[in-house]
$ cat my_file.cif   # mmCIF, C-alpha atoms and all ligand atoms
data_structure
loop_
_atom_site.group_PDB
_atom_site.id
_atom_site.type_symbol
_atom_site.label_atom_id
_atom_site.label_comp_id
_atom_site.auth_asym_id
_atom_site.auth_seq_id
_atom_site.Cartn_x
_atom_site.Cartn_y
_atom_site.Cartn_z
ATOM 1 C CA MET A 1 10.036 13.865 9.191
ATOM 2 C CA VAL A 2 10.942 17.553 9.208
ATOM 3 C CA TYR A 3 14.047 18.816 10.944
ATOM 4 C CA ILE A 4 16.475 21.710 10.903
ATOM 5 C CA PHE A 5 19.317 21.029 8.525
ATOM 6 C CA ILE A 6 22.535 23.029 8.782
ATOM 7 C CA PHE A 7 24.075 23.499 5.368
ATOM 8 C CA GLN A 8 27.707 24.536 5.584
ATOM 9 C CA ARG A 9 29.468 25.403 2.417
ATOM 10 C CA GLY A 10 32.826 24.475 3.939
ATOM 11 C CA VAL A 11 31.521 20.986 4.636
ATOM 12 C CA SER A 12 29.137 20.255 1.810
ATOM 13 C CA MET A 13 30.144 22.000 -1.386
ATOM 14 C CA ALA A 14 33.477 23.844 -1.377
ATOM 15 C CA ASP A 15 35.880 25.077 1.233
ATOM 16 C CA GLU A 16 36.888 28.722 0.848
ATOM 17 C CA ARG A 17 34.712 30.163 3.592
ATOM 18 C CA THR A 18 31.901 28.797 5.664
ATOM 19 C CA ILE A 19 28.442 30.230 5.453
ATOM 20 C CA THR A 20 25.772 28.624 7.545
ATOM 21 C CA VAL A 21 22.208 28.692 6.377
ATOM 22 C CA THR A 22 19.513 26.990 8.374
ATOM 23 C CA TRP A 23 16.255 25.895 6.920
ATOM 24 C CA LYS A 24 13.565 23.326 7.402
ATOM 25 C CA VAL A 25 13.809 20.518 4.939
ATOM 26 C CA SER A 26 12.720 16.910 5.001
ATOM 27 C CA GLU A 27 15.170 14.021 4.920
ATOM 28 C CA GLU A 28 13.434 12.781 1.789
ATOM 29 C CA GLN A 29 14.121 16.091 0.006
ATOM 30 C CA LEU A 30 17.820 15.981 0.850
ATOM 31 C CA GLN A 31 18.085 12.463 -0.514
ATOM 32 C CA LEU A 32 16.415 13.585 -3.733
ATOM 33 C CA PHE A 33 19.088 16.206 -4.366
ATOM 34 C CA SER A 34 22.186 14.445 -3.042
ATOM 35 C CA THR A 35 23.872 13.620 -6.377
ATOM 36 C CA GLU A 36 23.977 15.008 -9.906
ATOM 37 C CA GLU A 37 22.392 11.778 -11.210
ATOM 38 C CA ALA A 38 19.541 11.986 -8.700
ATOM 39 C CA CYS A 39 18.909 15.617 -9.714
ATOM 40 C CA ALA A 40 18.952 14.654 -13.414
ATOM 41 C CA ASP A 41 16.349 11.927 -12.728
ATOM 42 C CA MET A 42 14.253 14.425 -10.797
ATOM 43 C CA LEU A 43 14.460 16.964 -13.609
ATOM 44 C CA PHE A 44 13.589 14.300 -16.178
ATOM 45 C CA THR A 45 10.400 13.443 -14.260
ATOM 46 C CA ALA A 46 9.516 17.118 -13.855
ATOM 47 C CA LYS A 47 10.147 17.845 -17.534
ATOM 48 C CA TRP A 48 8.432 14.765 -18.922
ATOM 49 C CA PRO A 49 5.925 13.680 -16.228
ATOM 50 C CA ASP A 50 4.252 11.297 -18.704
ATOM 51 C CA GLY A 51 7.549 9.934 -20.027
ATOM 52 C CA PHE A 52 9.788 11.233 -22.810
ATOM 53 C CA HIS A 53 8.231 12.637 -25.943
ATOM 54 C CA CYS A 54 10.205 14.114 -28.814
ATOM 55 C CA ALA A 55 9.894 17.915 -29.154
ATOM 56 C CA ARG A 56 10.011 17.577 -32.943
ATOM 57 C CA CYS A 57 7.906 14.502 -33.827
ATOM 58 C CA GLY A 58 6.236 13.516 -30.538
ATOM 59 C CA HIS A 59 7.742 10.002 -30.567
ATOM 60 C CA PRO A 60 7.720 8.475 -27.058
ATOM 61 C CA HIS A 61 11.131 6.719 -27.104
ATOM 62 C CA ALA A 62 14.690 8.040 -26.953
ATOM 63 C CA TYR A 63 18.260 6.829 -26.546
ATOM 64 C CA LYS A 64 20.058 8.311 -23.589
ATOM 65 C CA ILE A 65 23.514 9.629 -24.469
ATOM 66 C CA THR A 66 25.631 9.896 -21.341
ATOM 67 C CA THR A 67 28.994 11.064 -22.707
ATOM 68 C CA ARG A 68 28.334 14.696 -21.724
ATOM 69 C CA ARG A 69 28.048 16.402 -18.337
ATOM 70 C CA LEU A 70 24.269 16.162 -18.634
ATOM 71 C CA PRO A 71 22.412 13.389 -20.453
ATOM 72 C CA LEU A 72 21.247 14.034 -23.977
ATOM 73 C CA PHE A 73 18.135 12.334 -25.354
ATOM 74 C CA GLU A 74 18.067 11.274 -28.997
ATOM 75 C CA CYS A 75 14.654 10.489 -30.442
ATOM 76 C CA SER A 76 14.672 6.901 -31.699
ATOM 77 C CA SER A 77 12.426 7.894 -34.623
ATOM 78 C CA CYS A 78 13.706 11.208 -36.059
ATOM 79 C CA HIS A 79 17.081 11.319 -34.189
ATOM 80 C CA TYR A 80 16.421 14.830 -32.867
ATOM 81 C CA GLN A 81 18.649 15.422 -29.859
ATOM 82 C CA GLU A 82 17.427 17.300 -26.821
ATOM 83 C CA SER A 83 19.377 18.219 -23.736
ATOM 84 C CA LEU A 84 17.764 17.624 -20.367
ATOM 85 C CA ILE A 85 17.879 21.344 -19.522
ATOM 86 C CA ALA A 86 16.601 22.603 -22.905
ATOM 87 C CA GLY A 87 13.409 24.589 -22.414
ATOM 88 C CA THR A 88 13.874 24.861 -18.641
ATOM 89 C CA ILE A 89 15.009 27.785 -16.484
ATOM 90 C CA MET A 90 18.390 25.987 -16.381
ATOM 91 C CA GLU A 91 18.898 26.154 -20.145
ATOM 92 C CA GLY A 92 22.304 27.589 -21.084
ATOM 93 C CA SER A 93 23.570 27.319 -17.495
ATOM 94 C CA ARG A 94 26.876 25.641 -16.692
ATOM 95 C CA THR A 95 25.991 25.416 -12.998
ATOM 96 C CA THR A 96 25.481 21.846 -11.781
ATOM 97 C CA LEU A 97 21.945 20.559 -11.257
ATOM 98 C CA ARG A 98 22.743 19.881 -7.615
ATOM 99 C CA LYS A 99 23.500 23.568 -7.076
ATOM 100 C CA TRP A 100 20.312 24.540 -8.930
ATOM 101 C CA PHE A 101 18.216 22.258 -6.751
ATOM 102 C CA HIS A 102 19.939 23.484 -3.584
ATOM 103 C CA ALA A 103 19.054 27.019 -4.696
ATOM 104 C CA LEU A 104 15.431 25.894 -5.165
ATOM 105 C CA LEU A 105 15.433 24.441 -1.647
ATOM 106 C CA LEU A 106 17.020 27.558 -0.161
ATOM 107 C CA ILE A 107 14.649 29.996 -1.818
ATOM 108 C CA SER A 108 11.749 27.824 -0.652
ATOM 109 C CA TYR A 109 12.735 27.099 2.926
ATOM 110 C CA ALA A 110 15.316 29.611 4.219
ATOM 111 C CA PRO A 111 13.364 31.279 7.057
ATOM 112 C CA CYS A 112 14.400 34.831 6.209
ATOM 113 C CA GLY A 113 14.733 34.503 2.445
ATOM 114 C CA ILE A 114 18.047 34.360 0.656
ATOM 115 C CA ASN A 115 19.775 37.081 -1.316
ATOM 116 C CA ALA A 116 22.365 36.729 -4.065
ATOM 117 C CA VAL A 117 25.341 37.290 -1.733
ATOM 118 C CA GLN A 118 24.158 34.513 0.597
ATOM 119 C CA LEU A 119 23.315 32.131 -2.241
ATOM 120 C CA SER A 120 26.657 32.781 -3.900
ATOM 121 C CA GLY A 121 28.442 31.739 -0.683
ATOM 122 C CA ALA A 122 26.115 28.841 0.091
ATOM 123 C CA ILE A 123 26.359 26.993 -3.216
ATOM 124 C CA GLY A 124 29.728 28.261 -4.423
ATOM 125 C CA VAL A 125 28.914 30.345 -7.512
ATOM 126 C CA THR A 126 29.718 33.948 -8.473
ATOM 127 C CA TYR A 127 27.445 36.773 -7.350
ATOM 128 C CA LYS A 128 26.192 37.301 -10.922
ATOM 129 C CA THR A 129 25.350 33.595 -11.307
ATOM 130 C CA ALA A 130 23.583 33.578 -7.937
ATOM 131 C CA TRP A 131 21.596 36.704 -8.866
ATOM 132 C CA LEU A 132 20.584 35.158 -12.164
ATOM 133 C CA ILE A 133 19.605 31.822 -10.552
ATOM 134 C CA LEU A 134 17.442 33.619 -7.989
ATOM 135 C CA HIS A 135 15.711 35.709 -10.630
ATOM 136 C CA LYS A 136 15.108 32.694 -12.855
ATOM 137 C CA ILE A 137 13.568 30.824 -9.918
ATOM 138 C CA ARG A 138 11.444 33.899 -9.114
ATOM 139 C CA TYR A 139 10.377 33.875 -12.756
ATOM 140 C CA ALA A 140 9.256 30.230 -12.397
ATOM 141 C CA ILE A 141 7.469 31.144 -9.144
ATOM 142 C CA SER A 142 5.658 33.971 -10.933
ATOM 143 C CA LYS A 143 4.646 31.645 -13.770
ATOM 144 C CA ALA A 144 3.354 29.120 -11.231
ATOM 145 C CA ASP A 145 1.379 31.825 -9.462
ATOM 146 C CA ALA A 146 -0.047 33.174 -12.725
ATOM 147 C CA SER A 147 -1.429 29.720 -13.534
ATOM 148 C CA THR A 148 -3.112 29.351 -10.118
ATOM 149 C CA MET A 149 -6.422 31.192 -9.700
ATOM 150 C CA LEU A 150 -8.110 32.023 -6.394
ATOM 151 C CA SER A 151 -11.328 30.056 -5.976
ATOM 152 C CA GLY A 152 -14.005 29.070 -3.448
ATOM 153 C CA ILE A 153 -14.463 31.844 -0.877
ATOM 154 C CA VAL A 154 -12.315 34.739 -2.082
ATOM 155 C CA ARG A 155 -11.525 37.985 -0.253
ATOM 156 C CA VAL A 156 -9.577 40.897 -1.708
ATOM 157 C CA ASN A 157 -8.338 44.052 0.024
ATOM 158 C CA SER A 158 -6.244 47.009 -1.076
ATOM 159 C CA ALA A 159 -2.958 47.597 0.763
ATOM 160 C CA LEU A 160 0.281 49.548 0.441
ATOM 161 C CA TYR A 161 3.949 48.676 0.196
ATOM 162 C CA GLY A 162 6.347 51.292 1.573
ATOM 163 C CA ARG A 163 5.544 54.315 3.739
ATOM 164 C CA PRO A 164 2.104 52.970 4.746
ATOM 165 C CA HIS A 165 1.593 55.581 7.453
ATOM 166 C CA ASN A 166 2.277 58.598 5.284
ATOM 167 C CA PRO A 167 -0.456 61.012 6.390
ATOM 168 C CA SER A 168 -0.455 63.068 3.187
ATOM 169 C CA VAL A 169 -3.374 62.613 0.798
ATOM 170 C CA ASN A 170 -0.905 62.442 -2.087
ATOM 171 C CA ARG A 171 0.867 59.263 -3.030
ATOM 172 C CA HIS A 172 4.477 59.155 -1.873
ATOM 173 C CA ILE A 173 6.986 58.217 -4.559
ATOM 174 C CA GLN A 174 8.009 55.101 -2.580
ATOM 175 C CA GLU A 175 4.435 54.021 -1.946
ATOM 176 C CA GLN A 176 3.165 51.150 -4.068
ATOM 177 C CA PRO A 177 -0.574 50.398 -3.966
ATOM 178 C CA LEU A 178 -1.270 46.667 -3.838
ATOM 179 C CA LEU A 179 -4.205 44.305 -3.973
ATOM 180 C CA VAL A 180 -4.000 41.287 -1.719
ATOM 181 C CA GLY A 181 -6.380 38.424 -2.374
ATOM 182 C CA ALA A 182 -6.880 35.020 -0.804
ATOM 183 C CA SER A 183 -8.893 31.863 -1.069
ATOM 184 C CA ILE A 184 -10.071 31.315 2.492
ATOM 185 C CA ASN A 185 -11.797 28.538 4.411
ATOM 186 C CA THR A 186 -15.068 28.978 6.306
ATOM 187 C CA GLU A 187 -13.115 30.045 9.432
ATOM 188 C CA GLY A 188 -11.535 32.886 7.465
ATOM 189 C CA GLU A 189 -8.085 31.247 7.369
ATOM 190 C CA PRO A 190 -6.194 31.862 4.113
ATOM 191 C CA LEU A 191 -5.485 28.812 1.952
ATOM 192 C CA TYR A 192 -3.760 30.504 -0.974
ATOM 193 C CA VAL A 193 -2.615 34.138 -1.111
ATOM 194 C CA LYS A 194 -1.666 36.509 -3.925
ATOM 195 C CA ILE A 195 -0.338 40.052 -3.612
ATOM 196 C CA LYS A 196 -0.218 42.171 -6.754
ATOM 197 C CA ARG A 197 1.171 45.629 -7.370
ATOM 198 C CA VAL A 198 -1.501 47.809 -8.955
ATOM 199 C CA PRO A 199 -0.324 49.105 -12.354
ATOM 200 C CA ASP A 200 -0.209 52.924 -12.575
ATOM 201 C CA GLU A 201 -2.998 53.072 -15.167
ATOM 202 C CA TYR A 202 -5.435 51.770 -12.535
ATOM 203 C CA LEU A 203 -4.590 54.482 -10.012
ATOM 204 C CA GLN A 204 -5.828 57.971 -9.381
ATOM 205 C CA GLY A 205 -3.297 59.426 -6.956
ATOM 206 C CA ARG A 206 -3.034 56.757 -4.274
ATOM 207 C CA ASN A 207 -6.585 55.567 -4.879
ATOM 208 C CA LEU A 208 -7.601 52.601 -6.953
ATOM 209 C CA ARG A 209 -9.899 53.075 -9.929
ATOM 210 C CA PRO A 210 -12.758 50.508 -10.075
ATOM 211 C CA SER A 211 -11.127 49.092 -13.207
ATOM 212 C CA GLY A 212 -8.132 48.155 -10.987
ATOM 213 C CA ASN A 213 -10.298 45.685 -9.050
ATOM 214 C CA GLN A 214 -11.658 44.254 -12.257
ATOM 215 C CA HIS A 215 -8.136 43.818 -13.619
ATOM 216 C CA PHE A 216 -7.057 41.937 -10.473
ATOM 217 C CA ILE A 217 -10.156 39.735 -10.451
ATOM 218 C CA GLN A 218 -9.872 38.954 -14.139
ATOM 219 C CA HIS A 219 -6.259 37.789 -13.793
ATOM 220 C CA ASN A 220 -6.313 36.177 -10.358
ATOM 221 C CA VAL A 221 -9.785 34.869 -9.511
ATOM 222 C CA GLU A 222 -11.578 31.937 -11.120
ATOM 223 C CA SER A 223 -14.468 33.249 -13.206
ATOM 224 C CA LYS A 224 -17.076 30.980 -11.568
ATOM 225 C CA THR A 225 -16.290 32.126 -8.029
ATOM 226 C CA GLY A 226 -19.607 33.037 -6.387
ATOM 227 C CA ASP A 227 -18.419 34.176 -2.948
ATOM 228 C CA LEU A 228 -16.165 37.136 -3.708
ATOM 229 C CA GLU A 229 -15.749 40.363 -1.732
ATOM 230 C CA CYS A 230 -13.383 43.170 -2.554
ATOM 231 C CA ILE A 231 -12.684 46.086 -0.193
ATOM 232 C CA THR A 232 -10.662 49.022 -1.436
ATOM 233 C CA ALA A 233 -11.722 51.901 0.841
ATOM 234 C CA ARG A 234 -8.698 52.492 3.072
ATOM 235 C CA PHE A 235 -10.608 52.900 6.324
ATOM 236 C CA SER A 236 -13.655 50.749 5.583
ATOM 237 C CA PRO A 237 -14.956 49.048 8.741
ATOM 238 C CA ARG A 238 -15.385 45.910 6.610
ATOM 239 C CA ARG A 239 -11.735 45.683 5.574
ATOM 240 C CA PHE A 240 -10.086 42.276 5.943
ATOM 241 C CA HIS A 241 -7.499 42.677 8.689
ATOM 242 C CA ARG A 242 -6.031 39.245 8.058
ATOM 243 C CA LEU A 243 -5.167 40.224 4.470
ATOM 244 C CA LEU A 244 -3.820 43.618 5.521
ATOM 245 C CA SER A 245 -1.600 41.842 8.019
ATOM 246 C CA VAL A 246 -0.300 39.510 5.257
ATOM 247 C CA ALA A 247 0.548 42.513 3.059
ATOM 248 C CA LYS A 248 2.270 44.282 5.957
ATOM 249 C CA LYS A 249 4.358 41.206 6.764
ATOM 250 C CA ALA A 250 5.276 40.837 3.096
ATOM 251 C CA GLY A 251 6.596 44.420 3.112
ATOM 252 C CA GLN A 252 8.548 43.826 6.320
ATOM 253 C CA TRP A 253 10.006 40.583 4.944
ATOM 254 C CA ILE A 254 11.097 42.252 1.707
ATOM 255 C CA ASN A 255 12.685 45.123 3.615
ATOM 256 C CA ALA A 256 14.486 42.798 6.037
ATOM 257 C CA ALA A 257 15.664 40.232 3.486
ATOM 258 C CA TYR A 258 16.461 42.559 0.604
ATOM 259 C CA HIS A 259 16.722 45.983 2.302
ATOM 260 C CA GLY A 260 13.723 47.289 0.386
ATOM 261 C CA ILE A 261 13.308 47.311 -3.366
ATOM 262 C CA GLY A 262 12.014 49.664 -6.037
ATOM 263 C CA PRO A 263 8.886 49.170 -8.143
ATOM 264 C CA LYS A 264 10.756 47.437 -11.017
ATOM 265 C CA HIS A 265 11.250 44.084 -9.288
ATOM 266 C CA LEU A 266 8.683 44.477 -6.476
ATOM 267 C CA GLN A 267 6.214 42.044 -8.055
ATOM 268 C CA ALA A 268 8.793 39.253 -8.278
ATOM 269 C CA TYR A 269 9.572 39.611 -4.552
ATOM 270 C CA LEU A 270 5.880 39.764 -3.610
ATOM 271 C CA ASN A 271 5.357 36.564 -5.595
ATOM 272 C CA GLU A 272 8.282 34.953 -3.767
ATOM 273 C CA TYR A 273 6.806 35.943 -0.404
ATOM 274 C CA CYS A 274 3.404 34.512 -1.358
ATOM 275 C CA TYR A 275 5.013 31.325 -2.685
ATOM 276 C CA ARG A 276 6.732 30.776 0.671
ATOM 277 C CA LEU A 277 3.527 31.549 2.548
ATOM 278 C CA ASN A 278 1.526 29.197 0.328
ATOM 279 C CA LEU A 279 4.213 26.551 0.859
ATOM 280 C CA GLU A 280 3.459 26.877 4.583
ATOM 281 C CA PHE A 281 -0.280 26.502 3.922
ATOM 282 C CA GLN A 282 -0.092 23.727 1.355
ATOM 283 C CA GLY A 283 3.224 21.995 2.107
ATOM 284 C CA GLU A 284 5.293 19.906 -0.234
ATOM 285 C CA ALA A 285 2.795 20.059 -3.104
ATOM 286 C CA ILE A 286 3.758 23.666 -3.863
ATOM 287 C CA PHE A 287 7.487 22.827 -3.888
ATOM 288 C CA ARG A 288 6.928 19.971 -6.324
ATOM 289 C CA TYR A 289 4.831 22.290 -8.442
ATOM 290 C CA LEU A 290 7.680 24.815 -8.531
ATOM 291 C CA THR A 291 10.110 22.081 -9.591
ATOM 292 C CA GLN A 292 7.760 21.175 -12.421
ATOM 293 C CA LEU A 293 7.405 24.808 -13.427
ATOM 294 C CA SER A 294 11.181 25.238 -13.361
ATOM 295 C CA ALA A 295 11.387 22.380 -15.836
ATOM 296 C CA ALA A 296 8.660 23.865 -18.015
ATOM 297 C CA ALA A 297 9.251 27.633 -17.808
ATOM 298 C CA ALA A 298 10.785 29.143 -20.913
ATOM 299 C CA PRO A 299 14.444 30.058 -20.486
ATOM 300 C CA LEU A 300 15.211 33.607 -19.468
ATOM 301 C CA THR A 301 18.508 35.253 -20.377
ATOM 302 C CA TYR A 302 20.316 37.897 -18.336
ATOM 303 C CA PRO A 303 19.732 40.796 -20.808
ATOM 304 C CA LYS A 304 16.077 39.777 -21.200
ATOM 305 C CA LEU A 305 15.649 39.734 -17.443
ATOM 306 C CA LEU A 306 17.036 43.268 -17.138
ATOM 307 C CA ARG A 307 14.753 44.551 -19.876
ATOM 308 C CA PHE A 308 11.549 42.815 -18.829
ATOM 309 C CA PRO A 309 10.944 42.671 -15.096
ATOM 310 C CA ILE A 310 8.120 40.451 -13.903
ATOM 311 C CA ILE A 311 4.950 42.529 -13.910
ATOM 312 C CA SER A 312 2.143 40.132 -13.034
HETATM 313 ZN ZN ZN A 401 11.496 12.690 -32.960
#
$ encode --input "my_file.cif" --output "structure tokens"
Amino acid sequence: MVYIFIFQRGVSMADERTITVTWKVSEEQLQLFSTEEACADMLFTAKWPDGFHCARCGHPHAYKITTRRLPLFECSSCHYQESLIAGTIMEGSRTTLRKWFHALLLISYAPCGINAVQLSGAIGVTYKTAWLILHKIRYAISKADASTMLSGIVRVNSALYGRPHNPSVNRHIQEQPLLVGASINTEGEPLYVKIKRVPDEYLQGRNLRPSGNQHFIQHNVESKTGDLECITARFSPRRFHRLLSVAKKAGQWINAAYHGIGPKHLQAYLNEYCYRLNLEFQGEAIFRYLTQLSAAAAPLTYPKLLRFPIIS
């Protein structure tokens, strides 16, 4: 069953001020994240889907030490101890798992996206913590996207983020050329979408060099795909309007939710938009996949995040 759930901070988490966020979430999902223990079990399954195995010796059995805030697992062979959040995007965080999972739900299902100010109010953390949580989840989303290749019938079209109607032949400083690609069904409906910012080295003015297409295809399309078309001429009569519309909506969503963003973090937000769109197309499977990726993605620290924005 899917229904609209009203999450009120004043009621559910803390009581300083009430922020109401509405999103679509199943009853089953809420149950999964209702307690710290339930979240720990969920994270355990996501981290070790085939059961525990020691990071040092590979042994499949461990003792669970429950004297800390989060369970610790001690290998019954070599006695190596591993925290549940080690090696996940939550590593080093003092935020509760319940808040982390609520953030995952919010970023996945909030209809208009969620920014750090809203998340901070909704789950009761500081702005800096909320910002970091969101970026770490976007990092996991980007990793998930990077490991999913377009396949079957694939269509790719060039598009623009920012100032799309600029009549000048020169590229405007706020204009970011994009490539939007999708696996589609025989009716032309997208099944999985990716939107990628074109790196500057593949551009000549506002136009894409042929090597730009090749770069996109190499990194985003399965090598055996036989039915692949790529349109980059801006006014080609063969351009894929459905893909152009997806790119336009992505730009509008980014501008509305985050008041526009510069090129540094644009890719992370495009990935978030596509994740949410693909969640609509593919349902719960994508959310579970993100949870798994969150448990598997290498930890990302605040200084590292500032130095190395997501570029793919
Ligand atoms: Zn061991």
$ atom_distance --input "my_file.cif" --atom1 "atom CA of A:Asn278" --atom2 "atom CA of A:Ala86"
28.5 Å
$ atom_distance --input "my_file.cif" --atom1 "atom CA of A:Gly162" --atom2 "atom CA of A:Tyr127"
27.1 Å
$ residues_near_ligand --input "my_file.cif" --ligand "ligand ZN 401 (chain A)" --cutoff "7 Å" --atoms "all atoms listed in the file" --output "compact mmCIF listing (two decimals) with C-alpha atoms, keeping the file's coordinate frame"
# COMPACT_ATOMS: atom_id res chain seq x y z
CA CYS A 54 10.20 14.11 -28.81
CA ALA A 55 9.89 17.92 -29.15
CA ARG A 56 10.01 17.58 -32.94
CA CYS A 57 7.91 14.50 -33.83
CA GLY A 58 6.24 13.52 -30.54
CA HIS A 59 7.74 10.00 -30.57
CA CYS A 75 14.65 10.49 -30.44
CA SER A 76 14.67 6.90 -31.70
CA SER A 77 12.43 7.89 -34.62
CA CYS A 78 13.71 11.21 -36.06
CA HIS A 79 17.08 11.32 -34.19
CA TYR A 80 16.42 14.83 -32.87
$ residues_around --input "my_file.cif" --residues "stretch 249-251 of chain A" --least-positions-apart "3" --cutoff "7 Å" --atoms "all atoms listed in the file" --output "JSON list (two decimals) with C-alpha atoms, in the frame of the given file"
[["chain", "number", "residue", "atom", "x", "y", "z"],
["A", 161, "TYR", "CA", 3.95, 48.68, 0.20],
["A", 245, "SER", "CA", -1.60, 41.84, 8.02],
["A", 246, "VAL", "CA", -0.30, 39.51, 5.26],
["A", 254, "ILE", "CA", 11.10, 42.25, 1.71],
["A", 255, "ASN", "CA", 12.68, 45.12, 3.62],
["A", 270, "LEU", "CA", 5.88, 39.76, -3.61],
["A", 273, "TYR", "CA", 6.81, 35.94, -0.40]]
$ resolve_selection --input "my_file.cif" --expression "the PyMOL selection byres (((chain A and resi 207) around 10) and not hetatm)" --output "list in words"
Ser158, Val169, Asn170, Arg171, Pro177, Tyr202, Leu203, Gln204, Gly205, Arg206, Leu208, Arg209, Pro210, Gly212, Thr232, Ala233 and Arg234 of chain A
$ resolve_selection --input "my_file.cif" --expression "the PyMOL selection byres (((chain A and resi 49-51) around 12) and not hetatm)" --output "NGL selection string"
:A and (41-48 or 52-54 or 58-62 or 288-289 or 291-293 or 295-296)
$ residues_near_point --input "my_file.cif" --point "(15.0, 13.7, -7.0)" --cutoff "10 Å" --atoms "all atoms listed in the file" --output "VMD selection string"
chain A and resid 28 to 46 98 101
$ atom_distance --input "my_file.cif" --atom1 "atom CA of A:Pro199" --atom2 "atom CA of A:Lys224"
24.7 Å
$ closest_residue --input "my_file.cif" --among "A:Trp253, A:Tyr139, A:Tyr63, A:Trp100" --to "A:Leu277" --atoms "all atoms listed in the file"
A:Trp253
$ residues_around --input "my_file.cif" --residues "A:Ile137" --least-positions-apart "2" --cutoff "9 Å" --atoms "only C-alpha atoms" --output "PyMOL selection string"
chain A and resi 89+103-104+107+132-135+139-142+290+294
$ residues_around --input "my_file.cif" --residues "A:Asp227" --least-positions-apart "2" --cutoff "7 Å" --atoms "only C-alpha atoms" --output "ChimeraX atom specification"
/A:152-154,225,229
$ closest_residue --input "my_file.cif" --among "A:Ser108, A:Thr186, A:Ser83, A:Thr88" --to "A:Phe287" --atoms "only C-alpha atoms"
A:Ser108
